[in-house]
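See below for the structure under consideration.
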Amino acid sequence: MPPAELANKYTDQYFANMDALNVERADVYPRATEEIPKVIEIIQGLLAKGYAYESDGSVYFRVRSFPRYGKLSHRNLSEMIPKDANYEEKKEYPLDFALWKASKPGEPFWESPWGKGRPGWHIECSAMALKYLGDSIDIHGGGQDLVFPHHENEIAQSEGFTQETPFVRYWLHNGLMQLDKQKMSKSTGNLVSVKDALAHFSSDAIRLFVLGSNYRNPLTYSEQALEAGERGAERLRGALTPRANADERVALLDAGPFEQKFVEAMDDDFNTAQAIAVLFELAKEINRGAEQGANVAEAQHILLKLAGILGLTLKERAQPTPDIEAFISLLASTRDNLRQNEQWQLADRIRRELADLGVTLEDTPQGTRWKYSRR
RNA sequence: GGCGGCGUAGCCAAGAGGUUAAGGCAGGGGUCUGCAAAACCCCGAUACGGCGGUUCGAAUCCGCCCGCCGCCUCCA
């Protein structure tokens with residue numbers, strides 16, 4: 001399979017997964033392979049300023065020329081060199097890293113002022129960030145495992161080229177997903193793919209699981225934790241079911257204080273766990289208010305809005321065809337007639353067998369409701 | 001070994017010097033219901049990995065120890 005085709009395949013998979021998780025699309029999705037001119041421009045700039053040097057068709061960044069190198073990851077140069085290391089002899093200094101690598105015969109390559117080659121593994125991020133976001137950006141995300149050397153190198157390349165400091169105002173490094181006490185990674189093969197997770201749990205459940213802890217902390221994937229998220233999602237959905245017959249004499253539920261607490265939590269370094277707690281508190285108030293006859297429609301609207309900020313859809317999970325839903329409603333109303341005639345045995349049988357088929361009936365003062373059971 | 005981070009009820013997890021230590025899941029009791037389900041009410045850590053220390057006061061600060069995770073040239 002040609003490289004471009006392979007890249008497209010995984011790009012498509014990525015977007016399918018992100019869409020399923022209700023992740024909004026960014027404005028631009030640049031590709032490293034299409035940004036070679038900017039890469040070359042930056043390398044030339046770094047060469048001109050003395051931050052880089054050419055060696056045998058490759059170009060390396062001279063880390064000792066950049067005094068701030070190591071600041072982000074709290075390292076200093078001398079401590080970073082392992083004793084038993086076997087470094088490329090083409091470098092001036094062991095920790096210098098490649099900006100441009102000469103290609104070996106048979107490898108894919110691009111033409112450059114230094115001959116045929118490919119970008120180093122860090123430069124394309126600087127190139128795309130500087131091109132699309134500007135010389136100084138507010139927030140740069142990434143996993144904790146990228147702090148060194150990747151982000152450290154990005155800073156060195158970008159600030160060296162632009163002479164603008166800082167390249168990034170705030171670094172947001174998220175904790176890594178673990179499975180059985182180990183970092184999930186492709187290289188070790190211990191992973192649960194997004195697709196796998198979505199086969200068993202709703203995107204809302206996955207979001208409640210992930211956002212239930214601080215983004216900086218690692219989190220461990222477990223069926224139990226995801227199941228808890230699913231149940232929580234159902235609880236929030238339940239609070240959104242339409243309520244009728246509001247009592248005019250009961251004050252309508254004011255969700256304002258909840259909205260304010262939610263915003264405060266999010267303003268506090270994205271305290272999503274706290275924000276979710278507010279969602280559950282509001283859901284409880286809605287349920288309680290509705291029970292007492294308060295008009296909760298506006299509060300429900302706010303609950304849905306706040307949940308939406310966290311990317312929660314609060315939509316029912318399964319989407320069977322509408323035809324089936326009509327049959328279910330028919331069965332439910334027939335059962336209601338049986339209940340009116342106190343035909344409990346038959347009524348219970350319908351409820352039980354529907355339950356076996358994945359449909360739950362709920363008898364309420366407003367009539368019988370039904371919904372799809374969770375798996 | 002170095003650097004960074006984490007260890008809070010059965011499980012997940014917020015809180016970062018001083019109200020009763022959020023919230024969810026699971027569990028127990030109750031209300032409602034023909035019975036259920038859902039919802040609502042009540043209950044659950046004298047306790048925050050361990051040991052010292054600072055302080056009038058610590059889960060929150062300091063030190064040491066234990067356990068776990070990430071990174072420490074050539075995957076980004």
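Residues in the structure tokens are named by chain (A, B, ... in the order shown) and by number from 1 within that chain; ligands are numbered from 1 in the order shown.
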Exercise. Taking only C-alpha atoms (C1' of nucleotides) into account, which residues of chain B are within 12 Å of chain A, as a VMD selection string?
Worked result: chain B and resid 1 to 7 11 to 15 22 to 26 32 to 41 68 to 76
For this session: Check the DSSP output for the backbone and give back, as a PyMOL selection string, the residues of segment 28-259 of chain A in helix (DSSP H, G or I).
Result: chain A and resi 32-34+36-49+63-65+77-80+123-133+144-162+194-200+203-211+223-238+256-259
Exercise. So which bits of segment 84-223 of chain A end up strand (DSSP E) when you DSSP the backbone, as number ranges by chain?
Worked result: A: 97-102, 117-119, 137-143, 168-174, 177-179, 182-183, 219-220
With only C-alpha atoms (C1' of nucleotides) as the counted atoms, please give the residues lying no more than 9 Å from A9 of chain B, apart from itself and same-chain residues fewer than 5 positions off, as an mmCIF file with all heavy atoms, in the first residue's frame.
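around27.cif, written as the output of this step:
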data_model
loop_
_atom_site.group_PDB
_atom_site.id
_atom_site.type_symbol
_atom_site.label_atom_id
_atom_site.label_comp_id
_atom_site.auth_asym_id
_atom_site.auth_seq_id
_atom_site.Cartn_x
_atom_site.Cartn_y
_atom_site.Cartn_z
ATOM 1 P P G B 44 -23.930 8.401 57.943
ATOM 2 O OP1 G B 44 -23.396 8.875 59.241
ATOM 3 O OP2 G B 44 -24.237 9.363 56.877
ATOM 4 O "O5'" G B 44 -22.925 7.313 57.375
ATOM 5 C "C5'" G B 44 -22.622 6.152 58.152
ATOM 6 C "C4'" G B 44 -21.895 5.173 57.281
ATOM 7 O "O4'" G B 44 -22.712 4.844 56.142
ATOM 8 C "C3'" G B 44 -20.596 5.707 56.683
ATOM 9 O "O3'" G B 44 -19.519 5.509 57.579
ATOM 10 C "C2'" G B 44 -20.449 4.856 55.426
ATOM 11 O "O2'" G B 44 -19.913 3.585 55.707
ATOM 12 C "C1'" G B 44 -21.911 4.701 54.990
ATOM 13 N N9 G B 44 -22.322 5.724 54.028
ATOM 14 C C8 G B 44 -23.032 6.877 54.266
ATOM 15 N N7 G B 44 -23.241 7.586 53.195
ATOM 16 C C5 G B 44 -22.635 6.849 52.192
ATOM 17 C C6 G B 44 -22.533 7.117 50.792
ATOM 18 O O6 G B 44 -22.967 8.083 50.168
ATOM 19 N N1 G B 44 -21.829 6.120 50.136
ATOM 20 C C2 G B 44 -21.294 5.002 50.741
ATOM 21 N N2 G B 44 -20.661 4.151 49.955
ATOM 22 N N3 G B 44 -21.390 4.730 52.031
ATOM 23 C C4 G B 44 -22.068 5.695 52.690
ATOM 24 P P A B 45 -18.726 6.817 58.074
ATOM 25 O OP1 A B 45 -18.225 6.530 59.431
ATOM 26 O OP2 A B 45 -19.495 8.041 57.776
ATOM 27 O "O5'" A B 45 -17.499 6.750 57.101
ATOM 28 C "C5'" A B 45 -16.791 5.499 56.903
ATOM 29 C "C4'" A B 45 -15.414 5.815 56.426
ATOM 30 O "O4'" A B 45 -15.509 6.669 55.287
ATOM 31 C "C3'" A B 45 -14.553 6.561 57.435
ATOM 32 O "O3'" A B 45 -13.751 5.586 58.083
ATOM 33 C "C2'" A B 45 -13.703 7.497 56.610
ATOM 34 O "O2'" A B 45 -12.374 7.019 56.459
ATOM 35 C "C1'" A B 45 -14.344 7.463 55.231
ATOM 36 N N9 A B 45 -14.684 8.736 54.607
ATOM 37 C C8 A B 45 -15.448 9.770 55.062
ATOM 38 N N7 A B 45 -15.580 10.751 54.220
ATOM 39 C C5 A B 45 -14.836 10.334 53.116
ATOM 40 C C6 A B 45 -14.568 10.920 51.870
ATOM 41 N N6 A B 45 -15.038 12.104 51.502
ATOM 42 N N1 A B 45 -13.783 10.230 51.008
ATOM 43 C C2 A B 45 -13.322 9.028 51.379
ATOM 44 N N3 A B 45 -13.504 8.367 52.516
ATOM 45 C C4 A B 45 -14.280 9.089 53.354
ATOM 46 P P A B 47 -9.921 7.151 62.103
ATOM 47 O OP1 A B 47 -10.445 5.773 62.172
ATOM 48 O OP2 A B 47 -9.266 7.756 63.267
ATOM 49 O "O5'" A B 47 -8.902 7.296 60.875
ATOM 50 C "C5'" A B 47 -9.188 6.632 59.637
ATOM 51 C "C4'" A B 47 -9.464 7.633 58.539
ATOM 52 O "O4'" A B 47 -10.722 8.321 58.787
ATOM 53 C "C3'" A B 47 -8.468 8.776 58.385
ATOM 54 O "O3'" A B 47 -7.333 8.351 57.682
ATOM 55 C "C2'" A B 47 -9.297 9.803 57.578
ATOM 56 O "O2'" A B 47 -9.220 9.545 56.206
ATOM 57 C "C1'" A B 47 -10.725 9.509 58.022
ATOM 58 N N9 A B 47 -11.365 10.603 58.785
ATOM 59 C C8 A B 47 -12.706 10.853 58.834
ATOM 60 N N7 A B 47 -13.046 11.907 59.553
ATOM 61 C C5 A B 47 -11.825 12.371 60.000
ATOM 62 C C6 A B 47 -11.478 13.458 60.812
ATOM 63 N N6 A B 47 -12.381 14.300 61.320
ATOM 64 N N1 A B 47 -10.178 13.661 61.081
ATOM 65 C C2 A B 47 -9.277 12.804 60.566
ATOM 66 N N3 A B 47 -9.475 11.739 59.801
ATOM 67 C C4 A B 47 -10.776 11.574 59.544
#
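Within the 12 Å cut-off around U54 of chain B, using only C-alpha atoms (C1' of nucleotides) and omitting residues fewer than 5 positions from it on the same chain, the listed residues are G17, C61, C62 and G63 of chain B.
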For this session: Give me, please, the distance in Å between atom CA of Thr368 of chain A and atom CA of Phe327 of chain A, quoted to one decimal.
Result: 14.4 Å
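Our summary of the geometry notes that atom CA of Ile206 of chain A is positioned 19.1 Å from atom CA of Ala283 of chain A.
As for atom CA of Met18 of chain A and atom CA of Ser203 of chain A, they are spaced 9.9 Å apart.
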